[in-house]
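Next comes work14.csv, with CSV, C-alpha atoms.
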chain,number,residue,atom,x,y,z
A,1,MET,CA,-6.5,39.1,-31.4
A,2,GLY,CA,-7.3,35.4,-31.1
A,3,ILE,CA,-7.3,32.8,-33.8
A,4,SER,CA,-10.7,32.2,-35.2
A,5,LEU,CA,-11.6,28.6,-36.1
A,6,PRO,CA,-14.7,27.2,-37.7
A,7,LYS,CA,-17.0,25.4,-35.2
A,8,ARG,CA,-17.0,21.7,-35.7
A,9,LYS,CA,-18.7,18.9,-33.9
A,10,ALA,CA,-15.7,16.6,-34.4
A,11,LEU,CA,-12.3,16.8,-36.0
A,12,TRP,CA,-12.2,15.7,-39.6
A,13,SER,CA,-11.1,12.2,-40.2
A,14,PRO,CA,-10.6,10.4,-43.6
A,15,THR,CA,-11.8,7.1,-42.2
A,16,GLY,CA,-15.0,8.6,-40.6
A,17,SER,CA,-15.7,7.8,-37.0
A,18,PRO,CA,-13.4,5.2,-35.5
A,19,PRO,CA,-15.1,2.0,-34.2
A,20,GLU,CA,-16.6,2.3,-30.8
A,21,GLY,CA,-14.1,1.2,-28.1
A,22,SER,CA,-11.0,1.9,-30.2
A,23,PRO,CA,-8.3,4.3,-29.0
A,24,ARG,CA,-9.2,7.8,-28.1
A,25,ARG,CA,-7.5,10.8,-29.5
A,26,ALA,CA,-5.5,11.1,-26.3
A,27,GLU,CA,-4.1,7.6,-26.9
A,28,SER,CA,-3.1,8.2,-30.5
A,29,VAL,CA,0.3,9.3,-31.7
A,30,PHE,CA,0.9,10.6,-35.2
A,31,ILE,CA,4.1,9.3,-36.6
A,32,ASN,CA,5.9,11.6,-39.0
A,33,CYS,CA,9.0,9.6,-40.2
A,34,PRO,CA,10.5,8.7,-43.5
A,35,PHE,CA,8.7,5.9,-45.4
A,36,ASP,CA,11.5,4.9,-47.6
A,37,ALA,CA,13.2,1.5,-47.6
A,38,ASP,CA,16.3,2.8,-45.9
A,39,TYR,CA,14.3,3.9,-42.9
A,40,ALA,CA,11.9,0.9,-42.8
A,41,GLN,CA,13.5,-0.8,-39.8
A,42,SER,CA,13.7,2.5,-37.9
A,43,LEU,CA,10.0,3.1,-38.6
A,44,ASP,CA,9.1,-0.3,-37.4
A,45,ALA,CA,11.1,0.4,-34.2
A,46,VAL,CA,9.2,3.6,-33.7
A,47,ILE,CA,5.9,1.8,-34.2
A,48,LEU,CA,6.8,-1.0,-31.8
A,49,ALA,CA,8.0,1.5,-29.1
A,50,THR,CA,4.8,3.4,-29.5
A,51,VAL,CA,2.5,0.4,-29.2
A,52,CYS,CA,4.6,-0.9,-26.3
A,53,CYS,CA,3.8,2.3,-24.4
A,54,GLY,CA,0.1,1.7,-25.0
A,55,PHE,CA,-0.4,4.2,-27.8
A,56,TYR,CA,-2.1,3.8,-31.2
A,57,PRO,CA,0.3,4.9,-34.0
A,58,ARG,CA,-1.3,6.9,-36.7
A,59,SER,CA,0.1,7.9,-40.1
A,60,ALA,CA,-0.6,9.7,-43.3
A,61,ILE,CA,-0.4,6.3,-45.1
A,62,GLU,CA,-2.7,4.4,-42.8
A,63,ALA,CA,-5.9,4.9,-44.8
A,64,GLY,CA,-7.7,7.1,-47.2
A,65,ARG,CA,-8.8,6.7,-50.8
A,66,PRO,CA,-6.1,7.0,-53.4
A,67,SER,CA,-8.0,10.0,-54.7
A,68,ASP,CA,-7.7,11.8,-51.3
A,69,LEU,CA,-5.1,14.6,-51.2
A,70,ARG,CA,-2.1,13.5,-49.2
A,71,LEU,CA,-2.4,16.7,-47.2
A,72,ASP,CA,-6.0,15.7,-46.3
A,73,ARG,CA,-4.8,12.3,-45.1
A,74,ILE,CA,-2.1,13.9,-43.0
A,75,ARG,CA,-4.6,16.3,-41.5
A,76,GLY,CA,-7.0,13.5,-40.7
A,77,ALA,CA,-4.4,11.4,-38.9
A,78,LEU,CA,-2.7,14.3,-37.2
A,79,PHE,CA,-5.8,16.1,-36.0
A,80,SER,CA,-7.0,12.8,-34.6
A,81,SER,CA,-3.9,12.4,-32.5
A,82,LYS,CA,-3.1,14.3,-29.3
A,83,TYR,CA,0.6,13.5,-29.7
A,84,SER,CA,3.1,13.4,-32.6
A,85,ILE,CA,6.6,12.2,-33.2
A,86,HIS,CA,8.7,13.9,-36.0
A,87,ASP,CA,12.0,12.4,-37.1
A,88,LEU,CA,13.9,15.0,-39.2
A,89,SER,CA,16.7,12.7,-40.2
A,90,ARG,CA,15.9,12.7,-43.9
A,91,CYS,CA,16.1,16.4,-44.4
A,92,ARG,CA,19.4,16.4,-46.3
A,93,GLY,CA,20.4,16.5,-50.0
A,94,GLU,CA,19.7,13.2,-51.8
A,95,GLY,CA,19.8,11.8,-55.3
A,96,LYS,CA,21.4,13.2,-58.4
A,97,LYS,CA,19.9,16.7,-57.9
A,98,ASN,CA,20.9,16.7,-54.2
A,99,LEU,CA,17.5,17.7,-53.1
A,100,ALA,CA,16.2,17.5,-49.6
A,101,ARG,CA,12.8,16.1,-48.7
A,102,PHE,CA,10.8,18.6,-46.7
A,103,ASN,CA,7.6,16.7,-46.0
A,104,MET,CA,8.7,16.1,-42.4
A,105,PRO,CA,9.3,19.7,-41.5
A,106,LEU,CA,6.0,20.6,-43.2
A,107,GLU,CA,4.1,18.0,-41.0
A,108,LEU,CA,5.9,19.2,-37.9
A,109,GLY,CA,4.7,22.7,-38.8
A,110,MET,CA,1.2,21.5,-38.9
A,111,ALA,CA,1.6,19.8,-35.5
A,112,MET,CA,3.1,23.0,-34.0
A,113,THR,CA,0.1,25.0,-35.4
A,114,LEU,CA,-2.3,22.6,-33.7
A,115,ARG,CA,-0.5,23.2,-30.4
A,116,TYR,CA,-0.5,27.0,-30.9
A,117,ILE,CA,-4.3,26.9,-31.5
A,118,PHE,CA,-4.7,24.9,-28.3
A,119,GLU,CA,-2.6,27.4,-26.3
A,120,GLU,CA,-4.7,30.2,-27.7
A,121,GLN,CA,-8.1,28.7,-27.5
A,122,ARG,CA,-7.8,26.1,-24.8
A,123,ASP,CA,-10.1,23.9,-26.9
A,124,GLU,CA,-9.4,20.3,-26.0
A,125,ARG,CA,-10.1,19.1,-29.5
A,126,TYR,CA,-6.9,20.8,-30.5
A,127,GLU,CA,-4.8,19.7,-27.6
A,128,HIS,CA,-1.5,18.5,-29.0
A,129,GLU,CA,2.1,17.9,-28.0
A,130,TRP,CA,4.9,17.0,-30.4
A,131,VAL,CA,8.5,15.9,-30.2
A,132,VAL,CA,11.4,16.1,-32.6
A,133,LEU,CA,13.9,13.2,-33.0
A,134,VAL,CA,17.2,13.7,-34.7
A,135,PRO,CA,20.2,11.4,-35.1
A,136,GLU,CA,23.4,12.5,-33.2
A,137,GLY,CA,25.4,14.9,-35.2
A,138,HIS,CA,22.6,15.8,-37.5
A,139,GLU,CA,22.8,19.5,-38.4
A,140,TYR,CA,19.0,20.2,-38.5
A,141,LEU,CA,19.6,23.8,-37.4
A,142,GLU,CA,21.4,24.5,-40.7
A,143,TYR,CA,18.1,24.2,-42.6
A,144,VAL,CA,15.4,24.9,-39.9
A,145,SER,CA,17.1,27.4,-37.6
A,146,ASP,CA,13.7,28.4,-36.3
A,147,LEU,CA,13.8,25.2,-34.3
A,148,GLY,CA,16.7,26.6,-32.2
A,149,GLY,CA,16.1,26.1,-28.5
A,150,ILE,CA,13.6,23.2,-28.8
A,151,ASP,CA,16.2,20.6,-27.7
A,152,PRO,CA,15.2,17.6,-29.8
A,153,TYR,CA,15.5,14.0,-28.6
A,154,ARG,CA,18.7,12.6,-30.1
A,155,TYR,CA,19.6,9.0,-30.9
A,156,ASP,CA,22.8,7.4,-32.1
A,157,ARG,CA,21.3,5.9,-35.2
A,158,THR,CA,20.9,2.4,-33.7
A,159,LEU,CA,17.4,1.0,-33.4
A,160,GLU,CA,17.9,0.5,-29.7
A,161,ASP,CA,18.7,4.1,-29.1
A,162,LEU,CA,15.8,5.2,-31.3
A,163,VAL,CA,13.4,3.0,-29.2
A,164,THR,CA,14.9,4.5,-26.0
A,165,ALA,CA,14.4,8.1,-27.3
A,166,VAL,CA,10.8,7.4,-28.3
A,167,MET,CA,10.0,5.7,-24.9
A,168,LEU,CA,11.8,8.5,-23.0
A,169,TRP,CA,9.2,10.9,-24.3
A,170,LEU,CA,6.1,8.8,-24.5
A,171,LEU,CA,6.4,7.5,-20.9
A,172,THR,CA,6.3,11.1,-19.5
A,173,LEU,CA,2.7,11.3,-20.9
A,174,PRO,CA,-0.1,10.6,-18.5
A,175,GLU,CA,-2.0,8.3,-21.0
A,176,ALA,CA,1.0,6.0,-21.5
A,177,GLU,CA,1.1,2.5,-20.0
A,178,GLU,CA,4.5,1.6,-18.6
A,179,ARG,CA,5.1,-2.1,-19.1
A,180,ALA,CA,8.8,-2.4,-19.6
A,181,ARG,CA,12.1,-0.6,-20.0
A,182,PRO,CA,13.5,-0.1,-23.5
A,183,SER,CA,15.8,-3.1,-23.1
A,184,ALA,CA,12.8,-5.4,-22.9
A,185,VAL,CA,11.2,-3.8,-25.9
A,186,CYS,CA,14.5,-4.0,-27.8
A,187,GLY,CA,14.7,-7.6,-26.9
A,188,ASN,CA,11.7,-8.1,-29.1
A,189,LEU,CA,13.0,-6.2,-32.0
A,190,SER,CA,14.5,-9.2,-33.8
A,191,GLU,CA,11.3,-11.2,-33.6
A,192,PHE,CA,9.4,-8.1,-34.8
A,193,GLU,CA,11.7,-7.7,-37.7
A,194,ARG,CA,11.4,-11.4,-38.6
A,195,LEU,CA,7.7,-11.0,-38.7
A,196,MET,CA,7.9,-7.8,-40.7
A,197,SER,CA,10.3,-9.3,-43.1
A,198,LYS,CA,7.8,-12.2,-43.7
A,199,LEU,CA,5.1,-9.5,-44.3
A,200,ARG,CA,7.3,-7.7,-46.8
A,201,THR,CA,7.8,-11.0,-48.7
A,202,GLU,CA,4.0,-11.5,-48.7
A,203,PHE,CA,3.6,-8.1,-50.1
A,204,ARG,CA,6.2,-8.8,-52.8
A,205,ASP,CA,8.9,-6.5,-51.2
A,206,ARG,CA,6.5,-3.6,-51.0
A,207,THR,CA,5.9,-1.7,-47.8
A,208,PRO,CA,3.3,-3.7,-45.8
A,209,PRO,CA,0.1,-1.8,-45.1
A,210,TRP,CA,-0.1,0.2,-41.9
A,211,LYS,CA,-2.8,-2.1,-40.6
A,212,HIS,CA,-0.5,-5.2,-40.8
A,213,ARG,CA,2.4,-3.4,-39.2
A,214,LEU,CA,0.2,-2.5,-36.2
A,215,GLU,CA,-1.2,-6.0,-35.9
A,216,VAL,CA,2.4,-7.4,-35.7
A,217,ALA,CA,3.4,-4.7,-33.1
A,218,THR,CA,0.3,-5.4,-31.0
A,219,ALA,CA,1.0,-9.2,-31.1
A,220,ILE,CA,4.6,-8.5,-29.8
A,221,ALA,CA,3.4,-6.1,-27.1
A,222,THR,CA,1.0,-8.7,-25.7
A,223,SER,CA,4.0,-10.6,-24.3
A,224,LEU,CA,5.3,-7.6,-22.2
B,1,MET,CA,15.5,7.0,9.1
B,2,GLU,CA,18.1,7.8,6.5
B,3,ILE,CA,17.5,11.0,4.5
B,4,PRO,CA,19.1,11.3,1.1
B,5,LEU,CA,21.9,14.0,1.0
B,6,LYS,CA,21.3,15.6,-2.4
B,7,VAL,CA,17.7,16.3,-3.1
B,8,PHE,CA,16.7,18.1,-6.3
B,9,PHE,CA,13.4,19.7,-7.0
B,10,SER,CA,11.8,19.6,-10.4
B,11,HIS,CA,8.9,22.1,-10.9
B,12,SER,CA,7.5,24.7,-13.3
B,13,GLN,CA,8.0,28.4,-12.9
B,14,GLU,CA,4.4,28.8,-12.1
B,15,ASN,CA,4.8,26.6,-9.0
B,16,ARG,CA,7.9,28.2,-7.6
B,17,GLU,CA,6.0,29.5,-4.6
B,18,ILE,CA,4.7,26.0,-3.6
B,19,ALA,CA,8.2,24.7,-4.2
B,20,ALA,CA,9.8,27.4,-2.1
B,21,GLY,CA,7.3,26.8,0.7
B,22,LEU,CA,8.0,23.1,0.7
B,23,ALA,CA,11.7,23.6,0.5
B,24,ARG,CA,11.7,25.8,3.6
B,25,ALA,CA,9.6,23.2,5.5
B,26,LEU,CA,12.0,20.4,4.4
B,27,LYS,CA,15.0,22.5,5.5
B,28,SER,CA,13.6,22.7,9.0
B,29,LEU,CA,13.5,18.9,9.0
B,30,GLY,CA,17.1,18.8,7.9
B,31,VAL,CA,16.6,18.2,4.1
B,32,GLU,CA,18.3,20.6,1.8
B,33,THR,CA,16.9,20.8,-1.7
B,34,GLU,CA,18.3,22.4,-4.9
B,35,GLU,CA,16.3,23.4,-8.0
B,36,LEU,CA,17.1,21.8,-11.3
B,37,GLN,CA,18.4,24.3,-13.8
B,38,THR,CA,17.8,23.7,-17.4
B,39,GLN,CA,21.5,24.0,-18.4
B,40,THR,CA,22.7,21.6,-15.8
B,41,ALA,CA,19.6,19.4,-15.4
B,42,GLU,CA,21.3,16.4,-16.9
B,43,LYS,CA,24.2,16.5,-14.5
B,44,ALA,CA,22.0,17.4,-11.5
B,45,VAL,CA,19.6,14.5,-12.2
B,46,ARG,CA,22.5,12.1,-12.5
B,47,GLU,CA,24.2,13.2,-9.3
B,48,ALA,CA,21.0,13.6,-7.2
B,49,ASP,CA,20.4,11.0,-4.4
B,50,ALA,CA,16.7,11.9,-4.6
B,51,ILE,CA,14.4,14.0,-6.8
B,52,LEU,CA,11.1,15.6,-6.0
B,53,VAL,CA,8.8,16.1,-9.0
B,54,LEU,CA,6.0,18.6,-8.6
B,55,ILE,CA,3.2,17.8,-11.1
B,56,ASP,CA,0.8,20.5,-12.1
B,57,PRO,CA,-2.7,20.0,-13.5
B,58,GLU,CA,-1.9,22.5,-16.2
B,59,LYS,CA,-2.5,20.8,-19.5
B,60,ASN,CA,0.0,22.8,-21.4
B,61,VAL,CA,3.1,21.2,-20.0
B,62,GLN,CA,6.2,23.3,-20.7
B,63,ARG,CA,8.7,21.6,-23.1
B,64,ARG,CA,11.5,22.2,-20.6
B,65,LEU,CA,9.6,20.4,-17.9
B,66,ARG,CA,8.8,17.4,-20.0
B,67,ARG,CA,12.5,17.2,-21.0
B,68,GLU,CA,13.4,17.3,-17.4
B,69,TRP,CA,11.0,14.4,-16.7
B,70,SER,CA,12.7,12.4,-19.5
B,71,LEU,CA,16.0,13.0,-17.8
B,72,ILE,CA,14.6,11.7,-14.6
B,73,LEU,CA,13.2,8.6,-16.4
B,74,GLN,CA,16.6,8.0,-17.9
B,75,ALA,CA,18.2,8.3,-14.5
B,76,LEU,CA,15.7,5.7,-13.1
B,77,TRP,CA,16.5,3.3,-16.0
B,78,ASP,CA,20.2,3.8,-15.2
B,79,ASN,CA,19.8,3.5,-11.4
B,80,PRO,CA,16.4,2.1,-10.2
B,81,ASN,CA,17.5,2.7,-6.6
B,82,LYS,CA,17.5,6.5,-7.1
B,83,LYS,CA,14.7,8.0,-5.0
B,84,VAL,CA,12.1,9.8,-7.0
B,85,LEU,CA,9.0,11.2,-5.3
B,86,PRO,CA,6.1,12.6,-7.3
B,87,LEU,CA,4.1,15.4,-5.7
B,88,ARG,CA,0.8,15.8,-7.3
B,89,ILE,CA,-1.1,19.2,-7.2
B,90,ASP,CA,-4.8,18.7,-7.0
B,91,GLN,CA,-5.9,16.2,-9.6
B,92,ALA,CA,-2.9,16.6,-11.9
B,93,PRO,CA,-2.5,13.8,-14.5
B,94,VAL,CA,0.7,11.9,-13.5
B,95,PRO,CA,3.3,11.0,-16.1
B,96,ALA,CA,3.1,7.2,-16.7
B,97,PHE,CA,6.5,6.5,-15.3
B,98,LEU,CA,5.8,8.2,-12.0
B,99,LYS,CA,2.4,6.5,-11.3
B,100,SER,CA,3.9,3.4,-9.6
B,101,LEU,CA,5.9,5.6,-7.2
B,102,HIS,CA,2.8,6.5,-5.2
B,103,PRO,CA,2.5,10.3,-5.6
B,104,ILE,CA,1.9,12.5,-2.6
B,105,SER,CA,-1.2,14.8,-3.1
B,106,ILE,CA,-1.0,18.5,-2.5
B,107,ALA,CA,-3.8,21.0,-2.6
B,108,ARG,CA,-2.8,24.1,-4.7
B,109,GLU,CA,-3.9,26.5,-2.0
B,110,THR,CA,-2.2,24.6,0.8
B,111,ASP,CA,-0.2,26.2,3.6
B,112,GLU,CA,0.4,23.0,5.4
B,113,PHE,CA,3.9,22.7,4.1
B,114,GLY,CA,5.1,21.2,7.4
B,115,GLU,CA,2.8,18.3,7.1
B,116,ILE,CA,3.7,17.7,3.5
B,117,ALA,CA,7.4,17.9,4.3
B,118,GLY,CA,6.9,15.2,6.9
B,119,GLN,CA,5.3,13.0,4.2
B,120,VAL,CA,8.1,13.7,1.8
B,121,VAL,CA,10.7,12.7,4.4
B,122,GLN,CA,8.8,9.5,5.1
B,123,GLY,CA,8.5,8.9,1.4
B,124,LEU,CA,12.2,9.4,0.8
B,125,ALA,CA,13.0,6.8,3.4
B,126,ASP,CA,10.3,4.3,2.3
B,127,GLU,CA,12.0,1.4,0.6
B,128,SER,CA,8.7,0.2,-1.0
B,129,ARG,CA,8.6,3.3,-3.2
B,130,ARG,CA,11.0,1.7,-5.6
B,131,TYR,CA,10.9,2.0,-9.4
B,132,GLN,CA,9.9,-1.4,-10.8
B,133,PRO,CA,8.3,-1.0,-14.2
B,134,GLU,CA,8.3,-4.8,-14.8
B,135,ARG,CA,6.2,-5.5,-11.7
B,136,HIS,CA,2.5,-5.6,-12.6
B,137,SER,CA,-0.6,-6.2,-10.5
B,138,LEU,CA,-3.5,-8.2,-11.9
B,139,GLU,CA,-5.3,-4.8,-12.4
B,140,ASP,CA,-2.3,-3.5,-14.4
B,141,ASP,CA,-2.4,-6.6,-16.6
B,142,GLU,CA,-6.1,-6.2,-17.2
B,143,ARG,CA,-5.7,-2.6,-18.1
B,144,TRP,CA,-2.8,-3.4,-20.5
B,145,HIS,CA,-4.8,-6.0,-22.3
B,146,ARG,CA,-7.8,-3.7,-22.6
B,147,ARG,CA,-5.5,-1.1,-24.1
B,148,LEU,CA,-4.1,-3.6,-26.7
B,149,ASP,CA,-7.7,-4.7,-27.5
B,150,LYS,CA,-8.5,-1.0,-28.3
B,151,ILE,CA,-5.5,-0.8,-30.6
B,152,ARG,CA,-6.6,-4.0,-32.3
B,153,LEU,CA,-10.1,-2.6,-32.7
B,154,GLY,CA,-8.8,0.6,-34.2
B,155,THR,CA,-6.6,-1.4,-36.5
B,156,SER,CA,-9.5,-3.5,-37.7
B,157,ALA,CA,-11.1,-0.5,-39.3
B,158,LEU,CA,-8.0,0.3,-41.5
B,159,PRO,CA,-7.9,-0.9,-45.1
B,160,VAL,CA,-5.6,-3.8,-46.1
B,161,GLY,CA,-3.9,-1.7,-48.7
B,162,ASP,CA,-2.4,1.8,-48.6
Output the file's structure as structure tokens, nothing else.
Amino acid sequence: MGISLPKRKALWSPTGSPPEGSPRRAESVFINCPFDADYAQSLDAVILATVCCGFYPRSAIEAGRPSDLRLDRIRGALFSSKYSIHDLSRCRGEGKKNLARFNMPLELGMAMTLRYIFEEQRDERYEHEWVVLVPEGHEYLEYVSDLGGIDPYRYDRTLEDLVTAVMLWLLTLPEAEERARPSAVCGNLSEFERLMSKLRTEFRDRTPPWKHRLEVATAIATSL
Amino acid sequence: MEIPLKVFFSHSQENREIAAGLARALKSLGVETEELQTQTAEKAVREADAILVLIDPEKNVQRRLRREWSLILQALWDNPNKKVLPLRIDQAPVPAFLKSLHPISIARETDEFGEIAGQVVQGLADESRRYQPERHSLEDDERWHRRLDKIRLGTSALPVGD
């Protein structure tokens, strides 16, 4: 028996309709990565690699009113993206209680469901492809053994290798724009980080809003 | 005309008949092909002199196949002189990194494998089919800046605070 979904005119979005002429769903990539300070540079590298392949990075933290449920924000950004990137590097015991954060596997599960719905219904509104990133040596199968056989894209914990892993996947997609090899994108990482560091100072060491991160990434990508 | 020695064929299970037909036609022209096997794909891609990539219009691209394409892209980054020839079935959307390599078109119902094999042999010997991602035409530049403008427009609608 097939999956029954409510009929909608358009997928739900927390920001309403995007401005006319802005990226289509097929040019949008949902980024599911840690948002903590330790991963900040890696997240910036993922954003830059995504923009440098011509895609519009989307995230649960991009928009929405503070009163919106976080899950609704995730749904809005994820369902508005044809593609998603999931870095599972943070799923390990942390802090005094040695608890692992499981937001990322949860969001991966949502993306997988979207794809299953598409496979079942062949409804283009649900067309979705996802990729999993893990650092070398990360024992993700110890806690999500169901992911056995999916062959995630691995990186050696350097920003350069992370950019390469992201581009290795994105450039196999038909909607990508190929402007440069990873080496050229990585050559811009220090300038990108300098600008991001300036932004962090402006925002008093808080994470700069998604909007500003994308603006900086787009400015860097212009030179490619 | 110099024909590469080791030619590997990347294709989905659904297209094995087309791949087999083309492989037979290529053999009659003196070109031996081998299929990429998942377990050994990395080694095979690295060692291949040339790779034929059969691209299907099917939207639900198998994960295994996309992984194989990533391996081929990595091989091109490592060695831009490696010959990679995309073969596009009907109006299949072509992976971005293969677009500049001038895909050869194939009709799904074709039985003209001899003719296609001839194009493949020519394509493998054609030095202008070289992987050069940094080389852009004016049209490429315009498309790139239009794409960035779209990203900027999407960004403009976002709030300044999270």
Quiz item: For chain B, which residues have at least one atom within 9 Å of chain A, if we go by all atoms listed in the file? Write them as number ranges by chain, please.
Solution: B: 59-61, 63-64, 66-67, 69-71, 73-74, 77, 93-99, 132-136, 140, 143-145, 147-162
Practice problem: Please provide as an MDAnalysis selection string all residues within 7 Å of Val46 (chain A), with the sequence filter that same-chain residues fewer than 4 positions apart are discarded (counting all atoms listed in the file). | Solution: chainID A and resid 42 50 163 166
Using only C-alpha atoms, please write the residues we just selected to a file, as a PDB file, in the coordinates of the input.
ATOM      1  CA  SER A  42      13.700   2.500 -37.900  1.00  0.00           C
ATOM      2  CA  THR A  50       4.800   3.400 -29.500  1.00  0.00           C
ATOM      3  CA  VAL A 163      13.400   3.000 -29.200  1.00  0.00           C
ATOM      4  CA  VAL A 166      10.800   7.400 -28.300  1.00  0.00           C
TER       5      VAL A 166
END
Quiz prompt | Atomic distance CA of Gln119 (chain B) - CA of Ala25 (chain B), expressed in Å with one decimal | solution =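 Calculated distance between CA of Gln119 (chain B) and CA of Ala25 (chain B) is 11.1 Å.
Taking CA of Ala20 (chain B) and CA of Pro57 (chain B) as endpoints, the distance between them is 18.5 Å.
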Self-check item: Coordinates-based distance that separates CA of Ala107 (chain B) from CA of Ile89 (chain B) (Å, one decimal)
Solution: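 Computing it gives 5.6 Å between the two atoms.
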Selection: 7 Å around Val134 (chain A), only C-alpha atoms, excl. self and same-chain fewer than 4 positions, as a compact mmCIF listing (two decimals) with C-alpha atoms, in the coordinates of the input:
# COMPACT_ATOMS: atom_id res chain seq x y z
CA ASP A 87 12.00 12.40 -37.10
CA LEU A 88 13.90 15.00 -39.20
CA SER A 89 16.70 12.70 -40.20
CA HIS A 138 22.60 15.80 -37.50
CA PRO A 152 15.20 17.60 -29.80
CA TYR A 153 15.50 14.00 -28.60
CA ARG A 154 18.70 12.60 -30.10
CA TYR A 155 19.60 9.00 -30.90
Exercise. Just the residues within 10 Å of region 102-111 of chain A, please, counting all atoms listed in the file, with nothing from its chain fewer than 3 positions along; format it as a ChimeraX atom specification.
Key: /A:30-34,60,71,74-75,78-79,81-92,99,114-116,126,128-132,143-144
